[in-house]
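Trainee: Please see the structure below; I have some questions.
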Amino acid sequence: MNRTLPDGLLAVSAAALAHGVTVGDIDPRALLAETVARFHEVHAGTGGLNAFLHLDVDGARNAATMVSARVLRDDPMPLAGVPVAVKDNIATLRLPTTCGSRILGDYVSPYEATAIARLREAGAIIFGKTNMDEFAMGSSTENSAFGPTKNPHDDARVPGGSSGGSAVAVAAGVVRIALGSETGGSVRQPAAFCGVVGIKPTYGRVSRHGLVAFASSLDHIGVFGRTVDDAALGLESIAGVDPLDATSIDRPVVGYRDGMSVESEQPLAGIVIGKPVEYFPDSLDRNIRTLCDRAANILQSLGAEIRDVSLPHTDLSIPVYYVVAPAEASSNLARFDGVRFGARKGEGSLREMYERTRSEGFGAEVIRRILLGTYVLSAGYYDAYYRRAQAVRELIAADFTTVFASGVHILLTPTTPTTAFPLGAVSDPYDMYLSDIFTATANLAGIPAMSLPIGRVNGLPVGGQLLAAHFDEARMLRVAYALERALGDEAHR
Ligand code: GLN
């Protein structure tokens with residue numbers, strides 16, 4: 001069995017599947033049956049990839065039947081019958097939402113995330129919830145309380161994280177589209193490691209209502225797709241202002257797929273693409289550099305102008321991220337106390353109950369972040385660490401503003417400094433944090449960014465990252481689509 005190349009309906013694009021369902025050529029229940037069969041093939045048993053935490057086959061069957069009924073009523077559904085996997089920190093009815101943590105156990109949310117409601121409205125079938133680093137803290141999915149997810153390209157390696165399960169669900173061909181979340185790179189980094197497309201939209205483009213908060217000013221819901229088109233279709237379906245998220249922004253959602261055409265010979269004429277020198281340090285893996293150079297040459301041949309640019313505060317992004325993110329996390333995770341949320345432990349005093357609930361419920365990385373966050377927010381350290389980090393965050397964001405104001409439209413960088421590493425290989429938390437060195441900047445600045453496959457090194461996928469100015473997703477996707485088309489099979493070779 002090929003772990004990364006499905007056949008039958010699972011090899012068909014999400015848009016074509018939805019079209020097939022809409023015109024009556026594809027029965028959504030048959031599509032679901034193939035999805036379930038593929039799930040059993042790649043997921044179950046020893047040697048399974050452990051990408052999913054919960055499945056709702058009955059609920060999915062009912063939803064498929066409802067889609068058929070809506071088709072008969074000519075109800076337009078851009079994702080008619082398309083199965084979608086969802087990271088387990090996005091609230092769903094029926095299915096548990098555990099955030100990969102023991103503390104939430106089998107918690108089922110009483111309400112659903114806006115992104116999920118929008119997917120259902122678009123005709124998608126919510127197929128299952130995917131494995132993740134506990135509370136989205138990590139870069140390998142090894143921090144899940146439910147065991148690590150494995151990379152379908154080499155099951156001795158990590159899939160990346162924290163949205164590793166969603167990346168693998170797409171890479172192994174179970175679904176064409178999956179939702180993940182991003183605080184510092186958790187969609188783009190696993191997309192790169194697994195050879196799929198991953199998008200983090202502009203902060204505020206997709207409602208965070210129903211996304212369990214990690215670091216609210218950095219959190220985003222993001223989308224995985226097998227191809228740029230799949231991911232664009234998924235994003236289109238969930239984007240838009242939401243009265244339930246005050247940080248969502250009231251701007252019309254552009255039809256992201258409309259501009260994706262390679263009809264002309266120079267589809268990227270007039271687009272200026274910057275290569276930031278800070279993302280190509282001398283220490284960068286030579287093979288990853290070569291693949292990025294090849295991508296830049298292709299973009300140039302498609303009509304884009306390539307320019308070297310500088311984002312001078314890039315090297316401060318990891319230190320700033322690891323002050324801001326834990327600070328916000330220490331506050332957001334206070335609600336898991338055995339009273340409001342979380343499986344209660346201990347029958348003694350209130351204090352003993354809090355202590356046991358939190359120390360037994362949270363894993364080591366989550367505890368580390370809470371300690372770090374509480375420290376940087378405490379009296380006497382707030383100004384030295386937290387306030388300072390916020391000031392430097394402004395400088396990082398200003399670097400992007402300056403570059404985009406100088407006439408550069410899109411930036412091209414590697415997504416990650418390495419390919420997928422072996423399970424258990426990175427034991428020092430600080431080394432793990434460095435996985436996000438090229439991705440955390442976009443979360444700090446709130447700009448859209450994405451990863452797409454640009455080739456392989458020793459058989460393992462390499463991701464190229466594109467970044468754009470706030471709300472310029474459409475142009476970023478146009479560039480990605482043209483590059484994907486021009487690379488063809490090379491992207492996976
Ligand atoms: N790896 C980063 C962290 O551990 C980012 C995680 C994320 O984007 N959710 O915090």
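All residue names refer to the structure tokens as shown: chains lettered A, B, ... in order, residues numbered from 1 in each chain, ligands numbered from 1 in order.
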If you run DSSP over the backbone, which residues in region 44-206 of chain A end up strand (DSSP E)? Put them as a list of chain:residue names.
Mentor: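 Here is the list: A:Phe52, A:Leu53, A:His54, A:Leu55, A:Pro83, A:Val84, A:Ala85, A:Val86, A:Lys87, A:Ile125, A:Ile126, A:Phe127, A:Gly128, A:Lys129, A:Thr130, A:Ile177, A:Ala178, A:Leu179, A:Gly180, A:Ser181, A:Glu182, A:Val197, A:Gly198, A:Ile199, A:Lys200.
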Trainee: With only C-alpha atoms and all ligand atoms counted, collect every polymer residue having an atom within 9 Å of ligand 1; state the result as a count of residues only.
Mentor: 40
Trainee: Using DSSP on the backbone coordinates, identify all residues within region 282-389 of chain A classified as helix (DSSP H, G or I); present the result as a PyMOL selection string.
Mentor: chain A and resi 286-301+314-335+350-361+364-377+382-389
Trainee: Excluding Ser207 (chain A) and residues on its chain fewer than 6 positions from it, collect all residues at most 9 Å away from it, counting only C-alpha atoms, and give them as a PyMOL selection string.
Mentor: chain A and resi 113-115+220-221+238-249
Trainee: Hey, what's within 7 Å of Val168 (chain A) if we count only C-alpha atoms and toss same-chain stuff fewer than 6 positions away? As a ChimeraX atom specification, please?
Mentor: /A:51,151-152,159,194
Trainee: Ranking A:Val67, A:Gly48, A:Leu53, A:Arg226 by minimum distance to Leu10 (chain A) and counting only C-alpha atoms, which one comes first?
Mentor: A:Arg226
Trainee: Enter the distance from CA of Gln465 (chain A) to CA of Tyr279 (chain A), in Å, rounded to one decimal.
Mentor: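 Atom-to-atom, CA of Gln465 (chain A) to CA of Tyr279 (chain A), that is 10.4 Å.
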Trainee: Would you compute the distance between CA of Gly164 (chain A) and CA of Arg393 (chain A)? Give it in Å to one decimal.
Mentor: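 We find that CA of Gly164 (chain A) and CA of Arg393 (chain A) lie 26.9 Å from each other.
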Trainee: Have a look at CA of Thr202 (chain A) and CA of Thr141 (chain A) and let me know their distance in Å, one decimal.
Mentor: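 CA of Thr141 (chain A) lies 24.3 Å from CA of Thr202 (chain A).
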